[in-house]
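Here the structure comes first, spelled out in C-alpha cells, and everything after it is commentary.
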Amino acid sequence: MQVRDTTIAYAAEPAAITNELTLDELADYINNLKTVPTVEQVKQQFASLSLRQRDYESHRLFTDKKYARNLIARSEYAELLMLCWHSGQRTPIHDHGGSIGVILVCEGSLTETMYEFAPEGHVRPYNTFRWNPGGITGADVPDIHQLLNLQPDDKDLVTLHCYAPPLSVLNTFSPVSSRRRKWREGYVSGGAGI
Ligand SMILES: [Fe+2]
C-alpha cells in the first residue's frame with residue numbers, strides 16, 4: 001500500500017514490479033464478489049492499493065456534526081466506504097454485528113481502542129493502537145472497538161473501510177454500565193437508492 005502526497009513527484013517504477021490497484025478496481029472487486037471475503041483477503045486488496053488524494057477527492061467529504069461515512073461501493077457481500085473525521089470526532093464503542101471490518105489509513109493518524117467484556121457486563125479497554133498513513137487494521141467478528149481522531153484541532157483524518165457483509169444493525173457498549181444499544185448508521189454521500 002502506498003499513500004502518496006500529490007505535491008511530491010515520484011520516479012516512475014517499472015510496471016513489471018508494481019502491484020498497484022486503483023480505487024475503481026477495488027470498487028469492481030467489491031461489486032463482483034461471489035462470497036463474503038475474509039479479513040486477510042480484504043487486507044491483501046488494501047495492501048495493493050495505490051492512492052493519491054485526487055483519486056478519492058469525490059469521496060472526501062466531512063461534516064462538522066460528526067464523522068462522515070461516504071459510500072464508494074456496495075454489493076450483497078461487502079461495502080467500501082471512506083470515512084472523514086475532523087479532530088475530536090469518534091465512533092461509539094461498538095461491534096460489527098457479525099461483519100468483518102478492515103481499515104486503511106489514508107491521511108492523518110487513527111486511534112483505535114479495543115474493548116473486552118468485564119465480569120459485570122460492561123466493557124473495558126485492553127489495548128490502544130495508533131495507525132498512520134498506509135497502516136491497515138482488521139477486525140474479526142467478535143471484536144469490539146472505538147475509532148477516534150485524537151489529533152490536534154486542525155488535523156483531519158481520512159480512512160478507507162471495507163465491511164463484509166455490509167453493516168446493518170450494530171451494538172454499542174458503555175464502559176460505565178452493562179447497557180447495550182442497537183445502532184444503525186447512514187451514509188453522508190453515495191447512499192442514494194440504497
Ligand atoms: Fe468498527
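As shown in the C-alpha cells, the chain order sets the letters A, B, ...; within each chain, residues go from 1, and ligands are also counted from 1 in the order they appear.
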Any idea what's packed within 8 Å of His59 of chain A, counting only C-alpha atoms, ignoring anything in its chain fewer than 2 positions away? Could you give it as a ChimeraX atom specification?
/A:56-57,61,70-72,82,189
Give the residues close to ligand 1, within 12 Å, counting only C-alpha atoms and all ligand atoms; write them as JSON, numbers by chain.
{"A": [69, 81, 83, 90, 91, 92, 93, 94, 95, 96, 97, 98, 99, 100, 101, 102, 103, 111, 112, 113, 114, 115, 137, 138, 139, 140, 141, 142, 143, 144, 145, 146, 147, 148, 159, 160, 161, 162, 163, 164, 166, 167, 170, 171, 172, 183, 185]}
Have a look at A:Ala68, A:Leu51, A:Leu150, A:Ala78 and name the one nearest to Cys106 of chain A; count only C-alpha atoms.
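The shortest atom-to-atom distance to Cys106 of chain A comes from A:Leu51.
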Under the rule that only C-alpha atoms are counted, which of A:Lys66, A:Lys34, A:Arg124, A:Arg52 is the nearest residue to Ser174 of chain A?
A:Arg124
DSSP says strand (DSSP E or B) for which residues of chain A? Put them as an MDAnalysis selection string?
chainID A and resid 2:4 21 49:52 68:74 79:85 90 93:94 100:107 110:117 123:131 136:139 144:148 157:164 170:173 180:183 189
Within 12 Å of Pro119 of chain A, counting only C-alpha atoms, which residues show up once you throw out same-chain ones fewer than 4 positions away? Write them as a PyMOL selection string, please.
chain A and resi 123-124+177-178
What is the atom CA of Ser58 of chain A-atom CA of Lys43 of chain A distance in Å, reported with one decimal?
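About the pair atom CA of Ser58 of chain A and atom CA of Lys43 of chain A: they are 23.1 Å apart.
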I need the residue nearest Asn132 of chain A from this list: A:Glu107, A:Glu120, A:Asp24, A:Glu40. Use only C-alpha atoms for the distance.
A:Glu107
Using DSSP on the backbone coordinates, identify all residues within chain A classified as helix (DSSP H, G or I); present the result as number ranges by chain.
A: 15-17, 23-31, 39-47, 53-59
Any chance you could export the current selection's C-alpha atoms as a PDB file, in the first residue's frame?
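Result saved to part_18.pdb:
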```
ATOM      1  CA  ALA A  15       5.278  -1.783 -14.461  1.00  0.00           C
ATOM      2  CA  ALA A  16       6.588  -5.317 -14.061  1.00  0.00           C
ATOM      3  CA  ILE A  17       7.403  -4.909 -10.376  1.00  0.00           C
ATOM      4  CA  LEU A  23      -9.787   2.694  -6.196  1.00  0.00           C
ATOM      5  CA  ASP A  24     -12.048   1.970  -9.186  1.00  0.00           C
ATOM      6  CA  GLU A  25     -10.587  -1.534  -9.460  1.00  0.00           C
ATOM      7  CA  LEU A  26     -11.160  -2.084  -5.749  1.00  0.00           C
ATOM      8  CA  ALA A  27     -14.780  -0.952  -6.207  1.00  0.00           C
ATOM      9  CA  ASP A  28     -15.091  -3.500  -9.055  1.00  0.00           C
ATOM     10  CA  TYR A  29     -13.713  -6.167  -6.721  1.00  0.00           C
ATOM     11  CA  ILE A  30     -16.438  -5.308  -4.166  1.00  0.00           C
ATOM     12  CA  ASN A  31     -19.166  -5.291  -6.813  1.00  0.00           C
ATOM     13  CA  VAL A  39     -10.176 -10.199   6.733  1.00  0.00           C
ATOM     14  CA  GLU A  40      -6.954 -11.437   5.121  1.00  0.00           C
ATOM     15  CA  GLN A  41      -8.366 -11.211   1.590  1.00  0.00           C
ATOM     16  CA  VAL A  42      -9.506  -7.629   2.132  1.00  0.00           C
ATOM     17  CA  LYS A  43      -6.187  -6.719   3.751  1.00  0.00           C
ATOM     18  CA  GLN A  44      -4.401  -8.008   0.640  1.00  0.00           C
ATOM     19  CA  GLN A  45      -6.586  -5.844  -1.586  1.00  0.00           C
ATOM     20  CA  PHE A  46      -5.919  -2.790   0.586  1.00  0.00           C
ATOM     21  CA  ALA A  47      -2.187  -3.520   0.617  1.00  0.00           C
ATOM     22  CA  GLN A  53      -5.698  12.270  -2.795  1.00  0.00           C
ATOM     23  CA  ARG A  54      -7.062  13.238  -6.199  1.00  0.00           C
ATOM     24  CA  ASP A  55      -8.130   9.605  -6.728  1.00  0.00           C
ATOM     25  CA  TYR A  56     -10.577   9.793  -3.838  1.00  0.00           C
ATOM     26  CA  GLU A  57     -11.381  13.520  -3.708  1.00  0.00           C
ATOM     27  CA  SER A  58     -15.038  12.937  -4.676  1.00  0.00           C
ATOM     28  CA  HIS A  59     -15.491  10.739  -1.574  1.00  0.00           C
TER      29      HIS A  59
END
```
